[in-house]
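Participant: Before I ask anything, here is the structure I am working with.
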Amino acid sequence: MNCKLRKLRIYLILIIIAFNISVFSQIKSEESSWKKYSEKIDNGYTVQFEYPMYFKLDRIENCMCLGKSSKKDSYNNTMDWGIWMDDPQNYSEFDSIYYEKEFNNDFIIKKDSLIISGYKSVRTIVNQRSGEKYSESIIVKLKDCIFELINSKSESDDFKRFYTSIKIKQD
């Protein structure tokens with residue numbers, strides 16, 4: 001009986017060690033499974049950021065669109081996140097009328113401020129009260145360019161890592 005108990009303890013110890021090694025390697029691979037992107041844009045800025053490898057990056061007009069690959073329609077990026085760039089004179093923020101329409105007049109808005117790449121920014125989070133719709137935008141206003149970071153899916157630590165990795169440098 002004593003021998004069986006020892007064998008059981010050894011098996012349990014081995015299982016715990018194997019589990020810990022598995023968890024550690026999974027955490028390490030998730031942390032390293034991000035890509036880095038850098039682009040010099042037309043108005044004299046360089047934008048750098050990190051994003052998950054499981055996302056596809058598309059550069060379309062004034063947007064760096066990030067999302068999972070999708071085969072639903074001709075455009076195969078789910079556009080979960082984005083960085084929109086615009087001239088200040090062409091930019092207008094979404095107002096409550098927009099959210100009333102998008103969220104069927106069923107929403108809660110929360111605003112706060114953040115620092116993105118050294119710039120004071122305004123974050124707006126909109127949640128649907130009785131549904132799953134979610135919208136998060138972070139506006140970085142510079143004198144000659146507006147950067148709007150969009151999360152159209154859900155609140156996540158990955159999106160936080162994405163927006164905290166953003167570096168905006170004027171050339």
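FYI, nothing fancy with the structure tokens labels: chains A, B, ... in order, residues from 1 per chain, ligands from 1 as they appear.
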Excluding range 137-153 of chain A and residues on its chain fewer than 2 positions from it, collect all residues at most 7 Å away from it, counting only C-alpha atoms, and give them as an mmCIF file with N, CA and C atoms, in the first residue's frame.
Facilitator:
data_model
loop_
_atom_site.group_PDB
_atom_site.id
_atom_site.type_symbol
_atom_site.label_atom_id
_atom_site.label_comp_id
_atom_site.auth_asym_id
_atom_site.auth_seq_id
_atom_site.Cartn_x
_atom_site.Cartn_y
_atom_site.Cartn_z
ATOM 1 N N ASP A 80 -12.032 44.240 -37.062
ATOM 2 C CA ASP A 80 -12.274 44.330 -35.626
ATOM 3 C C ASP A 80 -11.731 45.639 -35.064
ATOM 4 N N TRP A 81 -10.530 46.008 -35.513
ATOM 5 C CA TRP A 81 -9.868 47.221 -35.049
ATOM 6 C C TRP A 81 -9.436 48.035 -36.256
ATOM 7 N N GLY A 82 -9.180 49.312 -36.033
ATOM 8 C CA GLY A 82 -8.661 50.131 -37.108
ATOM 9 C C GLY A 82 -7.987 51.382 -36.580
ATOM 10 N N ILE A 83 -7.120 51.929 -37.401
ATOM 11 C CA ILE A 83 -6.540 53.246 -37.143
ATOM 12 C C ILE A 83 -6.927 54.092 -38.354
ATOM 13 N N TRP A 84 -7.844 55.019 -38.147
ATOM 14 C CA TRP A 84 -8.273 55.932 -39.198
ATOM 15 C C TRP A 84 -7.476 57.219 -39.057
ATOM 16 N N MET A 85 -7.074 57.788 -40.189
ATOM 17 C CA MET A 85 -6.334 59.047 -40.190
ATOM 18 C C MET A 85 -7.098 60.043 -41.047
ATOM 19 N N ASP A 86 -7.202 61.274 -40.558
ATOM 20 C CA ASP A 86 -7.953 62.275 -41.303
ATOM 21 C C ASP A 86 -7.398 63.664 -41.016
ATOM 22 N N ASP A 87 -7.658 64.588 -41.938
ATOM 23 C CA ASP A 87 -7.324 65.991 -41.714
ATOM 24 C C ASP A 87 -8.335 66.566 -40.734
ATOM 25 N N PRO A 88 -7.915 67.437 -39.828
ATOM 26 C CA PRO A 88 -8.846 67.995 -38.837
ATOM 27 C C PRO A 88 -10.086 68.654 -39.460
ATOM 28 N N TYR A 119 0.498 61.692 -26.351
ATOM 29 C CA TYR A 119 -0.541 62.670 -26.659
ATOM 30 C C TYR A 119 -1.796 62.387 -25.833
ATOM 31 N N LYS A 120 -2.372 63.448 -25.273
ATOM 32 C CA LYS A 120 -3.635 63.299 -24.562
ATOM 33 C C LYS A 120 -4.704 62.909 -25.569
ATOM 34 N N SER A 121 -5.487 61.897 -25.207
ATOM 35 C CA SER A 121 -6.489 61.347 -26.111
ATOM 36 C C SER A 121 -7.794 61.143 -25.361
ATOM 37 N N VAL A 122 -8.897 61.096 -26.102
ATOM 38 C CA VAL A 122 -10.209 60.870 -25.509
ATOM 39 C C VAL A 122 -10.729 59.516 -25.980
ATOM 40 N N ARG A 123 -11.121 58.693 -25.001
ATOM 41 C CA ARG A 123 -11.690 57.381 -25.320
ATOM 42 C C ARG A 123 -13.184 57.409 -25.041
ATOM 43 N N THR A 124 -13.954 56.884 -25.987
ATOM 44 C CA THR A 124 -15.395 56.747 -25.848
ATOM 45 C C THR A 124 -15.741 55.272 -25.975
ATOM 46 N N ILE A 125 -16.422 54.748 -24.964
ATOM 47 C CA ILE A 125 -16.881 53.354 -24.982
ATOM 48 C C ILE A 125 -18.400 53.377 -24.967
ATOM 49 N N TYR A 134 -20.952 46.702 -29.214
ATOM 50 C CA TYR A 134 -19.883 47.379 -28.491
ATOM 51 C C TYR A 134 -19.129 48.262 -29.471
ATOM 52 N N SER A 135 -18.724 49.411 -29.002
ATOM 53 C CA SER A 135 -17.914 50.316 -29.813
ATOM 54 C C SER A 135 -16.960 51.062 -28.884
#
Participant: When DSSP is applied to the backbone of this structure, which of range 32-128 of chain A are assigned alpha helix (DSSP H)? Write them out as a PyMOL selection string.
Facilitator: chain A and resi 32+96-102
Participant: I'd like the neighbourhood of Gln128 in chain A as a list in words, where a residue qualifies if any of its atoms comes within 6 Å (using only C-alpha atoms), though same-chain residues fewer than 3 positions away should be ignored.
Facilitator: Asp106, Phe107, Gly131 and Lys133 of chain A
Participant: Can you pull out every residue within 8 Å of Pro52 in chain A, counting only C-alpha atoms, but drop anything in the same chain fewer than 6 positions away, and send it as a list of chain:residue names?
Facilitator: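 Here the answer would be A:Ser33, A:Trp34, A:Lys35, A:Asp158.
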Participant: Between A:Lys110, A:Tyr54, A:Phe162, A:Asn62, which is the closest to Asp42 in chain A once you count only C-alpha atoms?
Facilitator: A:Asn62
Participant: Which one of A:Lys169, A:Ser69, A:Ser156, A:Met53 sits closest to Lys40 in chain A if you count only C-alpha atoms?
Facilitator: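 Nearest candidate to Lys40 in chain A out of A:Lys169, A:Ser69, A:Ser156, A:Met53: A:Lys169.
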Participant: Need to verify the contact set: Thr78 in chain A, 10 Å, only C-alpha atoms, exclusion of same-chain residues closer than 4 positions in sequence. Can you return it as number ranges by chain?
Facilitator: A: 55-56, 65-73, 152-153
Participant: Of the candidates A:Glu100, A:Asp95, A:Asp58, A:Glu155, which shows the shortest atom-to-atom distance to Glu132 in chain A, using only C-alpha atoms?
Facilitator: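 Closest candidate: A:Glu155.
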Participant: Could you pull the residues within 8 Å of Ile108 in chain A, counting only C-alpha atoms, minus those fewer than 3 positions along the same chain, as a PyMOL selection string?
Facilitator: chain A and resi 126-129
Participant: Keeping only N, CA and C atoms, write those residues as a PDB file, in the first residue's frame.
Facilitator:
ATOM      1  N   VAL A 126     -18.992  52.657 -25.926  1.00  0.00           N
ATOM      2  CA  VAL A 126     -20.447  52.581 -26.015  1.00  0.00           C
ATOM      3  C   VAL A 126     -20.840  51.112 -25.939  1.00  0.00           C
ATOM      4  N   ASN A 127     -21.704  50.793 -24.972  1.00  0.00           N
ATOM      5  CA  ASN A 127     -22.221  49.436 -24.792  1.00  0.00           C
ATOM      6  C   ASN A 127     -23.726  49.434 -24.990  1.00  0.00           C
ATOM      7  N   GLN A 128     -24.224  48.387 -25.577  1.00  0.00           N
ATOM      8  CA  GLN A 128     -25.665  48.214 -25.689  1.00  0.00           C
ATOM      9  C   GLN A 128     -26.170  47.665 -24.356  1.00  0.00           C
ATOM     10  N   ARG A 129     -27.231  48.242 -23.831  1.00  0.00           N
ATOM     11  CA  ARG A 129     -27.759  47.799 -22.531  1.00  0.00           C
ATOM     12  C   ARG A 129     -28.287  46.369 -22.584  1.00  0.00           C
TER      13      ARG A 129
END
Participant: What separation in Å, quoted to one decimal, exists between CA of Lys36 in chain A and CA of Glu61 in chain A?
Facilitator: 20.2 Å
